[in-house]
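J.: Before we start, here is the structure in question, set down as structure tokens.
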2 protein chains.
Amino acid sequence: MLNHDLLITNATLLANPADGHLQEKAYLAIANGAIAGIGKMDDLPVRLEAERIIDASGKLVLPGLVNCHSHGAMTLFRGLADDLELMIWLNEHIFPAEGRLVDAHMVYWCSKLAAAEMIMGGTTTVADAYFHEDAAARAYCEAGMRTVAAQGIIDFPAPGVPDPTHNIQAAAEFITAWQGKNPLLTPALFCHSPYTCSPETLQRAKKLARETGSLFFIHLAETHDEATRIKEQHGHTPVSLLHDLGLLDEKTICVHCVWLEEGDIELLRKTGAKVVTCPESNMKLGSGIAPLAELLGVGVVVGLGTDGCASNNDLDLFQEMGSCARLHKVAAHEPTRLPGLTLLNMATDMGAEVLGLAGQTGRLAVGLRADCIIIDHQQPHLTPFHNPETLVYAGRVSDVSTVIIDGRVVMQDKRILSFDLDETLDEVRKLAKRVRAGG
Amino acid sequence: MLNHDLLITNATLLANPADGHLQEKAYLAIANGAIAGIGKMDDLPVRLEAERIIDASGKLVLPGLVNCHSHGAMTLFRGLADDLELMIWLNEHIFPAEGRLVDAHMVYWCSKLAAAEMIMGGTTTVADAYFHEDAAARAYCEAGMRTVAAQGIIDFPAPGVPDPTHNIQAAAEFITAWQGKNPLLTPALFCHSPYTCSPETLQRAKKLARETGSLFFIHLAETHDEATRIKEQHGHTPVSLLHDLGLLDEKTICVHCVWLEEGDIELLRKTGAKVVTCPESNMKLGSGIAPLAELLGVGVVVGLGTDGCASNNDLDLFQEMGSCARLHKVAAHEPTRLPGLTLLNMATDMGAEVLGLAGQTGRLAVGLRADCIIIDHQQPHLTPFHNPETLVYAGRVSDVSTVIIDGRVVMQDKRILSFDLDETLDEVRKLAKRVRAGG
């Protein structure tokens, strides 16, 4: 009786990374894309049969990681301009390159490259935000990733939206086109920032988000310069500006939140707004250090994001976990800050909660969608493996051998099965030549 | 005419990482463990033949990385006790575990595991410092690594030196036993710190170092607590205490140097003392941030170290480069700080200079020893590869495919050839069971 699609046997299970509990010699059964059973091998129902069995002897199985903020298509600009002042970086390198090169073709292929990098690194869910997001959505769907795809909104001519007065309309069309189209994809909105979107634009976008039940992402309080400018213009901190405009609620996701003042954390807490931190990007750009311990301390839900490859320069959530924990320890001179399990939680279950996917992904439990990864922890750099925190402080994306999303094996033994990786690499390399060619 | 032992063809060469220059379609010829020729494939001498050829088409070849500070045997304590206050971590976990478990057998196998991890991550030279260093030296020699092995000196009963009044004598015996024994191994001394070694011990050790022409390592100014304590006891900063005792010279290597005061940097500069920074360890333990830009700015020679696995928790110099660059950018709110090429320099050529090996390793040039690594940069997370800084911000140890040390291929296509990795893993796992068994 083949009553299951996939059965993972003999695994060491880390079903809920936040609690750090390792269950030895366990099985995980998957049917119709969902987790249908979890238990000890000894208790494996005799009648449980499956079309396919993966023996995970000597391996760890845990929920797939959740990347709460990225601009996948920016893989093309990886390492294009490192070690520069933020405004020189943006105005002389990134914006001109984007203006010259970003179209639907570029967004499709470079997002697909991002999908490859993320899948290979154990990320099963991504919140992506860019322009031509329709092309990104197609790429992620073809890659088989669970995706929140957010169409960019900005008050300047942008790729795909040359007339900024149409920016809300373009976003509305994106939402309409994708809502209910693919069970793995949730369309959303991404207002670039409070300094590139007027209060009217922000309010119109949030109105659209509310009408369509969509998530509303925004870069917020990323740099000291931004915080200063917003205060001068509006007499508010970036967070209190959003609150004043009526934009903060449980479906508003504030990315960065580095420069918060007294009162901002309370506004985020009481409105239920979510926060995403991108520590490596904030570090590389010299932006600053978000008050994560304080946010987490009052119960704000915080996810982890890699940001885009122009400022990171990769999409590596393992390294992001380690960097985040270490950064906050040294900044506070306090080694107990942000313990390893907190990072594992942010990268899985709490990340899913940020994206409104808490009932679907982020942990391994019967009834949740089957998003899980298999890790080979028998390697030199993970030996001995005294506890799961070792994944945060010594784990690497290259330790991931197999990735399952919504019950589908998208990578096995480090080979991507859901799409043609070589074709993607070839297409991106062609585009990269154009990056170098254009001064 | 087989006039060369090994010829690497069709490589993209990064001969001197500090200058960032990539030479396409190049060859590297190796004879008798040294680099015998470098050039363009077009200029490859017709008569140049080699016993063995490695085709590096589509791959990068660069000097092997130099880890300037580690305690290899502490791989056994990887992840044993994370996220704890420093003194609780040391006194309740690390010291008791060391007291119970460290013997020559443990040091041999756990150093060998460290060698495996380092070789697999492209590290070809290590400066190791521990007790029972004779066993560590044997392990590294068998692994085929270029090694500076420093015997630990401390004014307490230590593994292998139960009577601390014999600590200098034990170190002297170690130096005598190893000087001139193996061309890849340089014996040295490691005084644990100015708070665990008396001024007399420090001076006796440095006298021995001078008499034998050896390097003198010391943990210095690592924590605020140490700096405060030394000041109370001696009326000096840790650096000025060492200077006052006559210990600072070009063969003294000060590890950490986090808590420096005005005048300390000038003392290090004018004496020619070397500095090693271990940013990830300093971050994880919450110790602080070394003034690297200031040190480098006045010309102090600074190397990069991973420290031991109890506080890092791996021996990954790629991640160490990225973490170091990002940490200093965010700490200064200055994205131009510690550019990528500076990190590549610290991890190769400048690291070799710290260890007195500048004429031997750290770059690829005719006459130097042949320590080089081959990196596969055709992977998703390194695509596009616009410039060598990408190695710092997105490179991973798992990108290293082949490692050559002193002309010997110690790893090829990710398989260690110089020793039996599985045997090593088995032995360390047996020891790890004893770690867990002992409360």
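Residue numbers start at 1 in each chain; chains themselves are named A, B, ... in the order of the structure tokens; ligands are numbered from 1 in the order shown.
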What lies within 7 Å of segment 381-398 of chain B using only C-alpha atoms, ignoring chain neighbours under 5 positions off, as an mmCIF file with C-alpha atoms, in the first residue's frame?

T.:
```
data_model
loop_
_atom_site.group_PDB
_atom_site.id
_atom_site.type_symbol
_atom_site.label_atom_id
_atom_site.label_comp_id
_atom_site.auth_asym_id
_atom_site.auth_seq_id
_atom_site.Cartn_x
_atom_site.Cartn_y
_atom_site.Cartn_z
ATOM 1 C CA LEU A 76 24.386 39.847 -11.171
ATOM 2 C CA ARG A 78 27.768 40.341 -6.701
ATOM 3 C CA GLY A 79 31.144 41.907 -6.016
ATOM 4 C CA LEU A 80 30.616 44.560 -8.664
ATOM 5 C CA GLU A 117 22.331 29.330 -4.493
ATOM 6 C CA ASN A 312 26.526 40.681 1.256
ATOM 7 C CA ASN A 313 27.791 39.116 -1.205
ATOM 8 C CA ASP A 314 26.023 35.800 -1.005
ATOM 9 C CA SER A 398 27.907 23.116 1.757
ATOM 10 C CA ARG A 429 27.553 34.694 -17.409
ATOM 11 C CA ALA A 432 27.863 39.435 -16.534
ATOM 12 C CA GLY B 20 44.262 41.512 -6.721
ATOM 13 C CA MET B 120 40.082 21.017 3.275
ATOM 14 C CA GLY B 121 39.616 24.764 3.714
ATOM 15 C CA GLY B 122 42.729 25.826 1.815
ATOM 16 C CA ASP B 316 37.673 28.490 8.457
ATOM 17 C CA PHE B 318 37.526 32.216 4.355
ATOM 18 C CA GLN B 319 34.784 33.055 6.814
ATOM 19 C CA MET B 321 38.347 37.051 6.219
ATOM 20 C CA GLY B 322 34.732 38.012 5.552
ATOM 21 C CA GLY B 340 38.854 42.803 0.629
ATOM 22 C CA LEU B 341 42.404 42.840 -0.704
#
```

J.: Please extract the residues of segment 309-435 of chain B with a backbone DSSP assignment of helix (DSSP H, G or I) and present them as an mmCIF file with N, CA and C atoms, in the first residue's frame.

T.:
```
data_model
loop_
_atom_site.group_PDB
_atom_site.id
_atom_site.type_symbol
_atom_site.label_atom_id
_atom_site.label_comp_id
_atom_site.auth_asym_id
_atom_site.auth_seq_id
_atom_site.Cartn_x
_atom_site.Cartn_y
_atom_site.Cartn_z
ATOM 1 N N CYS B 309 38.837 25.773 18.322
ATOM 2 C CA CYS B 309 37.437 25.470 17.991
ATOM 3 C C CYS B 309 36.486 25.628 19.162
ATOM 4 N N ALA B 310 37.005 25.816 20.365
ATOM 5 C CA ALA B 310 36.099 26.000 21.488
ATOM 6 C C ALA B 310 35.462 27.379 21.434
ATOM 7 N N SER B 311 36.066 28.301 20.729
ATOM 8 C CA SER B 311 35.557 29.682 20.732
ATOM 9 C C SER B 311 35.302 30.224 19.344
ATOM 10 N N LEU B 317 39.307 29.969 7.422
ATOM 11 C CA LEU B 317 39.915 31.275 7.160
ATOM 12 C C LEU B 317 39.133 32.088 6.123
ATOM 13 N N PHE B 318 38.354 31.443 5.285
ATOM 14 C CA PHE B 318 37.526 32.216 4.355
ATOM 15 C C PHE B 318 36.498 33.035 5.135
ATOM 16 N N GLN B 319 35.781 32.345 6.022
ATOM 17 C CA GLN B 319 34.784 33.055 6.814
ATOM 18 C C GLN B 319 35.455 34.081 7.724
ATOM 19 N N GLU B 320 36.641 33.758 8.205
ATOM 20 C CA GLU B 320 37.370 34.694 9.073
ATOM 21 C C GLU B 320 37.689 35.986 8.310
ATOM 22 N N MET B 321 38.082 35.854 7.036
ATOM 23 C CA MET B 321 38.347 37.051 6.219
ATOM 24 C C MET B 321 37.089 37.905 6.102
ATOM 25 N N GLY B 322 35.977 37.268 5.737
ATOM 26 C CA GLY B 322 34.732 38.012 5.552
ATOM 27 C C GLY B 322 34.263 38.650 6.847
ATOM 28 N N SER B 323 34.320 37.883 7.919
ATOM 29 C CA SER B 323 33.875 38.412 9.218
ATOM 30 C C SER B 323 34.732 39.593 9.636
ATOM 31 N N CYS B 324 36.026 39.481 9.427
ATOM 32 C CA CYS B 324 36.951 40.543 9.830
ATOM 33 C C CYS B 324 36.634 41.825 9.065
ATOM 34 N N ALA B 325 36.493 41.725 7.757
ATOM 35 C CA ALA B 325 36.201 42.913 6.948
ATOM 36 C C ALA B 325 34.878 43.533 7.373
ATOM 37 N N ARG B 326 33.855 42.713 7.483
ATOM 38 C CA ARG B 326 32.526 43.243 7.812
ATOM 39 C C ARG B 326 32.485 43.844 9.211
ATOM 40 N N LEU B 327 33.139 43.166 10.167
ATOM 41 C CA LEU B 327 33.121 43.660 11.549
ATOM 42 C C LEU B 327 33.721 45.062 11.648
ATOM 43 N N HIS B 328 34.855 45.244 10.986
ATOM 44 C CA HIS B 328 35.525 46.535 11.114
ATOM 45 C C HIS B 328 34.791 47.631 10.361
ATOM 46 N N LYS B 329 34.118 47.285 9.291
ATOM 47 C CA LYS B 329 33.298 48.278 8.587
ATOM 48 C C LYS B 329 32.151 48.759 9.475
ATOM 49 N N VAL B 330 31.461 47.805 10.096
ATOM 50 C CA VAL B 330 30.285 48.215 10.884
ATOM 51 C C VAL B 330 30.710 48.913 12.172
ATOM 52 N N ALA B 331 31.826 48.468 12.747
ATOM 53 C CA ALA B 331 32.260 49.087 14.003
ATOM 54 C C ALA B 331 32.617 50.551 13.784
ATOM 55 N N ALA B 332 33.170 50.858 12.599
ATOM 56 C CA ALA B 332 33.575 52.238 12.301
ATOM 57 C C ALA B 332 32.490 52.983 11.520
ATOM 58 N N GLY B 340 38.653 44.230 0.878
ATOM 59 C CA GLY B 340 38.854 42.803 0.629
ATOM 60 C C GLY B 340 40.298 42.415 0.382
ATOM 61 N N LEU B 341 41.024 43.224 -0.390
ATOM 62 C CA LEU B 341 42.404 42.840 -0.704
ATOM 63 C C LEU B 341 43.295 42.847 0.539
ATOM 64 N N THR B 342 42.993 43.724 1.482
ATOM 65 C CA THR B 342 43.753 43.722 2.739
ATOM 66 C C THR B 342 43.568 42.395 3.465
ATOM 67 N N LEU B 343 42.348 41.902 3.446
ATOM 68 C CA LEU B 343 42.085 40.618 4.102
ATOM 69 C C LEU B 343 42.804 39.479 3.393
ATOM 70 N N LEU B 344 42.778 39.499 2.052
ATOM 71 C CA LEU B 344 43.491 38.459 1.308
ATOM 72 C C LEU B 344 44.982 38.516 1.630
ATOM 73 N N ASN B 345 45.503 39.724 1.772
ATOM 74 C CA ASN B 345 46.906 39.898 2.132
ATOM 75 C C ASN B 345 47.197 39.332 3.523
ATOM 76 N N MET B 346 46.346 39.680 4.491
ATOM 77 C CA MET B 346 46.542 39.182 5.861
ATOM 78 C C MET B 346 46.482 37.655 5.909
ATOM 79 N N ASP B 349 50.185 36.558 2.334
ATOM 80 C CA ASP B 349 51.545 37.089 2.376
ATOM 81 C C ASP B 349 51.902 37.733 3.718
ATOM 82 N N MET B 350 51.002 38.554 4.244
ATOM 83 C CA MET B 350 51.305 39.219 5.506
ATOM 84 C C MET B 350 51.302 38.203 6.642
ATOM 85 N N GLY B 351 50.433 37.204 6.545
ATOM 86 C CA GLY B 351 50.436 36.134 7.544
ATOM 87 C C GLY B 351 51.765 35.396 7.557
ATOM 88 N N ALA B 352 52.295 35.140 6.355
ATOM 89 C CA ALA B 352 53.599 34.479 6.266
ATOM 90 C C ALA B 352 54.679 35.344 6.915
ATOM 91 N N GLU B 353 54.581 36.660 6.726
ATOM 92 C CA GLU B 353 55.563 37.574 7.322
ATOM 93 C C GLU B 353 55.484 37.521 8.854
ATOM 94 N N VAL B 354 54.278 37.464 9.384
ATOM 95 C CA VAL B 354 54.105 37.349 10.839
ATOM 96 C C VAL B 354 54.893 36.154 11.363
ATOM 97 N N PRO B 380 27.421 28.596 -8.350
ATOM 98 C CA PRO B 380 26.394 29.637 -8.257
ATOM 99 C C PRO B 380 26.772 30.799 -7.332
ATOM 100 N N HIS B 381 27.284 30.498 -6.141
ATOM 101 C CA HIS B 381 27.520 31.588 -5.183
ATOM 102 C C HIS B 381 28.758 32.418 -5.521
ATOM 103 N N LEU B 382 29.534 32.000 -6.528
ATOM 104 C CA LEU B 382 30.675 32.813 -6.981
ATOM 105 C C LEU B 382 30.447 33.326 -8.405
ATOM 106 N N GLU B 389 37.997 40.083 -4.692
ATOM 107 C CA GLU B 389 37.348 40.375 -3.411
ATOM 108 C C GLU B 389 36.170 39.432 -3.168
ATOM 109 N N THR B 390 35.615 38.910 -4.253
ATOM 110 C CA THR B 390 34.497 37.973 -4.121
ATOM 111 C C THR B 390 34.887 36.776 -3.251
ATOM 112 N N LEU B 391 36.178 36.413 -3.251
ATOM 113 C CA LEU B 391 36.636 35.319 -2.379
ATOM 114 C C LEU B 391 36.441 35.675 -0.908
ATOM 115 N N VAL B 392 36.612 36.941 -0.585
ATOM 116 C CA VAL B 392 36.485 37.379 0.807
ATOM 117 C C VAL B 392 35.019 37.441 1.225
ATOM 118 N N TYR B 393 34.178 37.954 0.325
ATOM 119 C CA TYR B 393 32.791 38.215 0.719
ATOM 120 C C TYR B 393 31.830 37.084 0.373
ATOM 121 N N VAL B 397 35.263 27.779 2.248
ATOM 122 C CA VAL B 397 36.253 26.715 2.316
ATOM 123 C C VAL B 397 35.876 25.583 1.367
ATOM 124 N N SER B 398 34.582 25.352 1.199
ATOM 125 C CA SER B 398 34.157 24.232 0.352
ATOM 126 C C SER B 398 34.424 24.486 -1.131
ATOM 127 N N ASP B 399 34.886 25.678 -1.479
ATOM 128 C CA ASP B 399 35.245 25.953 -2.867
ATOM 129 C C ASP B 399 36.631 25.406 -3.216
ATOM 130 N N LEU B 421 41.796 10.083 6.741
ATOM 131 C CA LEU B 421 40.834 10.948 7.413
ATOM 132 C C LEU B 421 39.824 10.140 8.228
ATOM 133 N N ASP B 422 39.364 9.031 7.691
ATOM 134 C CA ASP B 422 38.346 8.245 8.405
ATOM 135 C C ASP B 422 38.865 7.723 9.745
ATOM 136 N N GLU B 423 40.112 7.268 9.740
ATOM 137 C CA GLU B 423 40.719 6.807 10.993
ATOM 138 C C GLU B 423 40.735 7.958 12.010
ATOM 139 N N THR B 424 41.095 9.152 11.543
ATOM 140 C CA THR B 424 41.151 10.313 12.427
ATOM 141 C C THR B 424 39.770 10.631 12.998
ATOM 142 N N LEU B 425 38.762 10.641 12.126
ATOM 143 C CA LEU B 425 37.394 10.923 12.586
ATOM 144 C C LEU B 425 36.960 9.890 13.634
ATOM 145 N N ASP B 426 37.269 8.630 13.373
ATOM 146 C CA ASP B 426 36.900 7.577 14.327
ATOM 147 C C ASP B 426 37.547 7.808 15.690
ATOM 148 N N GLU B 427 38.835 8.109 15.674
ATOM 149 C CA GLU B 427 39.546 8.304 16.946
ATOM 150 C C GLU B 427 38.974 9.500 17.708
ATOM 151 N N VAL B 428 38.668 10.588 16.987
ATOM 152 C CA VAL B 428 38.133 11.767 17.678
ATOM 153 C C VAL B 428 36.728 11.478 18.213
ATOM 154 N N ARG B 429 35.944 10.711 17.456
ATOM 155 C CA ARG B 429 34.595 10.369 17.955
ATOM 156 C C ARG B 429 34.666 9.564 19.251
ATOM 157 N N LYS B 430 35.658 8.670 19.333
ATOM 158 C CA LYS B 430 35.829 7.918 20.585
ATOM 159 C C LYS B 430 36.118 8.876 21.743
ATOM 160 N N LEU B 431 36.994 9.839 21.484
ATOM 161 C CA LEU B 431 37.321 10.816 22.527
ATOM 162 C C LEU B 431 36.103 11.669 22.866
ATOM 163 N N ALA B 432 35.313 12.008 21.843
ATOM 164 C CA ALA B 432 34.135 12.855 22.077
ATOM 165 C C ALA B 432 33.138 12.178 23.005
ATOM 166 N N LYS B 433 33.056 10.854 22.924
ATOM 167 C CA LYS B 433 32.164 10.131 23.844
ATOM 168 C C LYS B 433 32.620 10.335 25.281
ATOM 169 N N ARG B 434 33.925 10.377 25.473
ATOM 170 C CA ARG B 434 34.449 10.609 26.829
ATOM 171 C C ARG B 434 34.149 12.035 27.296
ATOM 172 N N VAL B 435 34.126 12.996 26.354
ATOM 173 C CA VAL B 435 33.777 14.370 26.732
ATOM 174 C C VAL B 435 32.364 14.385 27.291
#
```

J.: Counting only C-alpha atoms, figure out which residue out of B:Leu296, B:Ile94, B:Ala127, B:Ile230 gets nearest to Phe216 of chain B.

T.: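 Between B:Leu296, B:Ile94, B:Ala127, B:Ile230, the residue approaching Phe216 of chain B most closely is B:Ala127.
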
J.: Could you give me, as a PyMOL selection string, the residues within 12 Å of Asp225 of chain A, counting only C-alpha atoms and dropping anything in the same chain fewer than 4 positions from it?

T.: (chain A and resi 86-87+195+220-221+229-232+237-238+258-259+286-288) or (chain B and resi 333)

J.: Would you write out those residues with N, CA and C atoms, as a PDB file, in the first residue's frame?

T.:
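The new file out.pdb reads:
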```
ATOM      1  N   LEU A  86      28.672  54.276   0.914  1.00  0.00           N
ATOM      2  CA  LEU A  86      27.319  53.879   0.521  1.00  0.00           C
ATOM      3  C   LEU A  86      26.792  54.681  -0.666  1.00  0.00           C
ATOM      4  N   MET A  87      26.942  56.000  -0.640  1.00  0.00           N
ATOM      5  CA  MET A  87      26.341  56.820  -1.689  1.00  0.00           C
ATOM      6  C   MET A  87      27.103  56.698  -3.015  1.00  0.00           C
ATOM      7  N   TYR A 195      12.305  57.234   2.254  1.00  0.00           N
ATOM      8  CA  TYR A 195      12.974  58.375   1.617  1.00  0.00           C
ATOM      9  C   TYR A 195      12.910  58.309   0.093  1.00  0.00           C
ATOM     10  N   LEU A 220      13.603  50.047   6.271  1.00  0.00           N
ATOM     11  CA  LEU A 220      13.299  51.080   7.276  1.00  0.00           C
ATOM     12  C   LEU A 220      14.456  51.262   8.252  1.00  0.00           C
ATOM     13  N   ALA A 221      14.824  52.526   8.444  1.00  0.00           N
ATOM     14  CA  ALA A 221      15.831  52.871   9.450  1.00  0.00           C
ATOM     15  C   ALA A 221      17.116  52.072   9.241  1.00  0.00           C
ATOM     16  N   ARG A 229      17.521  62.232   7.965  1.00  0.00           N
ATOM     17  CA  ARG A 229      16.774  62.906   6.912  1.00  0.00           C
ATOM     18  C   ARG A 229      15.265  62.863   7.177  1.00  0.00           C
ATOM     19  N   ILE A 230      14.782  61.684   7.578  1.00  0.00           N
ATOM     20  CA  ILE A 230      13.343  61.522   7.836  1.00  0.00           C
ATOM     21  C   ILE A 230      12.919  62.431   8.991  1.00  0.00           C
ATOM     22  N   LYS A 231      13.791  62.519   9.961  1.00  0.00           N
ATOM     23  CA  LYS A 231      13.470  63.359  11.119  1.00  0.00           C
ATOM     24  C   LYS A 231      13.388  64.826  10.717  1.00  0.00           C
ATOM     25  N   GLU A 232      14.331  65.247   9.875  1.00  0.00           N
ATOM     26  CA  GLU A 232      14.321  66.640   9.417  1.00  0.00           C
ATOM     27  C   GLU A 232      13.069  66.937   8.594  1.00  0.00           C
ATOM     28  N   THR A 237      10.853  59.726  13.716  1.00  0.00           N
ATOM     29  CA  THR A 237      11.773  58.649  13.358  1.00  0.00           C
ATOM     30  C   THR A 237      11.114  57.877  12.213  1.00  0.00           C
ATOM     31  N   PRO A 238      11.891  57.109  11.457  1.00  0.00           N
ATOM     32  CA  PRO A 238      11.267  56.317  10.381  1.00  0.00           C
ATOM     33  C   PRO A 238      10.121  55.434  10.897  1.00  0.00           C
ATOM     34  N   VAL A 258      17.815  49.330  11.974  1.00  0.00           N
ATOM     35  CA  VAL A 258      19.095  49.525  12.658  1.00  0.00           C
ATOM     36  C   VAL A 258      19.021  50.736  13.590  1.00  0.00           C
ATOM     37  N   TRP A 259      18.451  51.829  13.061  1.00  0.00           N
ATOM     38  CA  TRP A 259      18.479  53.083  13.810  1.00  0.00           C
ATOM     39  C   TRP A 259      17.125  53.343  14.449  1.00  0.00           C
ATOM     40  N   GLY A 286      28.537  49.149   6.488  1.00  0.00           N
ATOM     41  CA  GLY A 286      28.847  50.010   7.632  1.00  0.00           C
ATOM     42  C   GLY A 286      27.625  50.711   8.192  1.00  0.00           C
ATOM     43  N   SER A 287      26.439  50.121   8.007  1.00  0.00           N
ATOM     44  CA  SER A 287      25.195  50.808   8.383  1.00  0.00           C
ATOM     45  C   SER A 287      24.990  50.888   9.889  1.00  0.00           C
ATOM     46  N   GLY A 288      25.304  49.801  10.580  1.00  0.00           N
ATOM     47  CA  GLY A 288      25.107  49.791  12.021  1.00  0.00           C
ATOM     48  C   GLY A 288      24.558  48.459  12.491  1.00  0.00           C
TER      49      GLY A 288
ATOM     50  N   HIS B 333      31.384  52.302  11.210  1.00  0.00           N
ATOM     51  CA  HIS B 333      30.372  52.880  10.301  1.00  0.00           C
ATOM     52  C   HIS B 333      31.028  53.392   9.035  1.00  0.00           C
TER      53      HIS B 333
END
```

J.: Using only C-alpha atoms, which of the listed residues (B:Ile265, B:Ala290, B:Val298, B:Val148) sits closest to chain A?

T.: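 Nearest to chain A: B:Ala290.
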
J.: Using only C-alpha atoms, which protein or nucleic acid residues come within 12 Å of Gly72 of chain A? Drop anything in the same chain fewer than 4 positions from it, and give the result as JSON, numbers by chain.

T.: {"A": [67, 68, 76, 77, 78, 106, 107, 108, 109, 110, 111, 112, 113, 114, 115, 116, 117, 118, 126, 127, 128, 129, 130, 131, 132, 133, 135, 136, 137, 139, 140, 147, 148, 149, 150, 305, 306, 307, 308, 309, 310, 311, 312, 313, 314, 315], "B": [381]}

J.: So that I have them on file, write out the residues from the current selection with C-alpha atoms, as a PDB file, in the first residue's frame.

T.:
```pdb
ATOM      1  CA  ASN A  67      15.309  33.910   4.036  1.00  0.00           C
ATOM      2  CA  CYS A  68      13.081  36.846   4.981  1.00  0.00           C
ATOM      3  CA  LEU A  76      24.386  39.847 -11.171  1.00  0.00           C
ATOM      4  CA  PHE A  77      25.955  42.650  -9.136  1.00  0.00           C
ATOM      5  CA  ARG A  78      27.768  40.341  -6.701  1.00  0.00           C
ATOM      6  CA  MET A 106      17.785  39.670 -16.428  1.00  0.00           C
ATOM      7  CA  VAL A 107      15.456  39.383 -13.429  1.00  0.00           C
ATOM      8  CA  TYR A 108      14.299  35.928 -14.517  1.00  0.00           C
ATOM      9  CA  TRP A 109      17.774  34.418 -14.951  1.00  0.00           C
ATOM     10  CA  CYS A 110      19.488  36.161 -12.060  1.00  0.00           C
ATOM     11  CA  SER A 111      16.629  35.242  -9.701  1.00  0.00           C
ATOM     12  CA  LYS A 112      16.955  31.672 -10.876  1.00  0.00           C
ATOM     13  CA  LEU A 113      20.660  31.783 -10.030  1.00  0.00           C
ATOM     14  CA  ALA A 114      19.658  33.109  -6.613  1.00  0.00           C
ATOM     15  CA  ALA A 115      17.222  30.215  -6.253  1.00  0.00           C
ATOM     16  CA  ALA A 116      20.017  27.779  -7.055  1.00  0.00           C
ATOM     17  CA  GLU A 117      22.331  29.330  -4.493  1.00  0.00           C
ATOM     18  CA  MET A 118      19.624  29.350  -1.842  1.00  0.00           C
ATOM     19  CA  VAL A 126      12.480  33.201   0.322  1.00  0.00           C
ATOM     20  CA  ALA A 127      10.912  36.615   0.552  1.00  0.00           C
ATOM     21  CA  ASP A 128      12.124  38.335  -2.590  1.00  0.00           C
ATOM     22  CA  ALA A 129      11.657  42.000  -3.426  1.00  0.00           C
ATOM     23  CA  TYR A 130      12.617  43.666  -6.685  1.00  0.00           C
ATOM     24  CA  PHE A 131      11.340  45.175  -9.900  1.00  0.00           C
ATOM     25  CA  HIS A 132      10.004  43.033 -12.759  1.00  0.00           C
ATOM     26  CA  GLU A 133       8.958  40.799  -9.871  1.00  0.00           C
ATOM     27  CA  ALA A 135       9.879  37.450 -13.819  1.00  0.00           C
ATOM     28  CA  ALA A 136      11.332  36.679 -10.380  1.00  0.00           C
ATOM     29  CA  ALA A 137       8.106  34.914  -9.403  1.00  0.00           C
ATOM     30  CA  ALA A 139      11.930  31.854 -11.736  1.00  0.00           C
ATOM     31  CA  TYR A 140      11.239  30.873  -8.126  1.00  0.00           C
ATOM     32  CA  THR A 147       8.255  32.254  -2.157  1.00  0.00           C
ATOM     33  CA  VAL A 148       6.851  35.546  -1.050  1.00  0.00           C
ATOM     34  CA  ALA A 149       7.441  37.743  -4.102  1.00  0.00           C
ATOM     35  CA  ALA A 150       7.086  41.477  -3.546  1.00  0.00           C
ATOM     36  CA  GLY A 305      17.560  37.969   5.696  1.00  0.00           C
ATOM     37  CA  THR A 306      20.584  37.930   3.476  1.00  0.00           C
ATOM     38  CA  ASP A 307      19.658  41.085   1.536  1.00  0.00           C
ATOM     39  CA  GLY A 308      20.895  41.185  -2.078  1.00  0.00           C
ATOM     40  CA  CYS A 309      24.227  39.963  -3.368  1.00  0.00           C
ATOM     41  CA  ALA A 310      25.498  43.463  -4.064  1.00  0.00           C
ATOM     42  CA  SER A 311      25.930  44.052  -0.344  1.00  0.00           C
ATOM     43  CA  ASN A 312      26.526  40.681   1.256  1.00  0.00           C
ATOM     44  CA  ASN A 313      27.791  39.116  -1.205  1.00  0.00           C
ATOM     45  CA  ASP A 314      26.023  35.800  -1.005  1.00  0.00           C
ATOM     46  CA  LEU A 315      22.709  34.245   0.014  1.00  0.00           C
TER      47      LEU A 315
ATOM     48  CA  HIS B 381      27.520  31.588  -5.183  1.00  0.00           C
TER      49      HIS B 381
END
```

J.: Which of these, B:Phe419, B:Phe217, B:Trp89, B:Tyr27, has the shortest distance to Leu189 of chain B once you count only C-alpha atoms?

T.: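 Among B:Phe419, B:Phe217, B:Trp89, B:Tyr27, it is B:Phe217 that comes nearest to Leu189 of chain B.
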
J.: What does the structure give for the distance between atom CA of Thr223 of chain B and atom CA of Leu292 of chain B, in Å to one decimal?

T.: 15.6 Å

J.: Using DSSP assignments from the backbone, pull out every residue in segment 304-434 of chain B that falls under strand (DSSP E) and give it to me as a PyMOL selection string.

T.: chain B and resi 304+372-376+400-405+408-412+415-416

J.: Looking at only C-alpha atoms, which of A:Val301, A:Ser281, A:Thr165, A:Pro159 is the one that sits closest to chain B?

T.: A:Ser281

J.: Can you tell me which residues surround segment 32-46 of chain A at a distance of at most 8 Å, considering only C-alpha atoms, apart from same-chain residues fewer than 4 positions away, and format the answer as a ChimeraX atom specification?

T.: /A:4-5,9-10,23-28,364-370,405-408
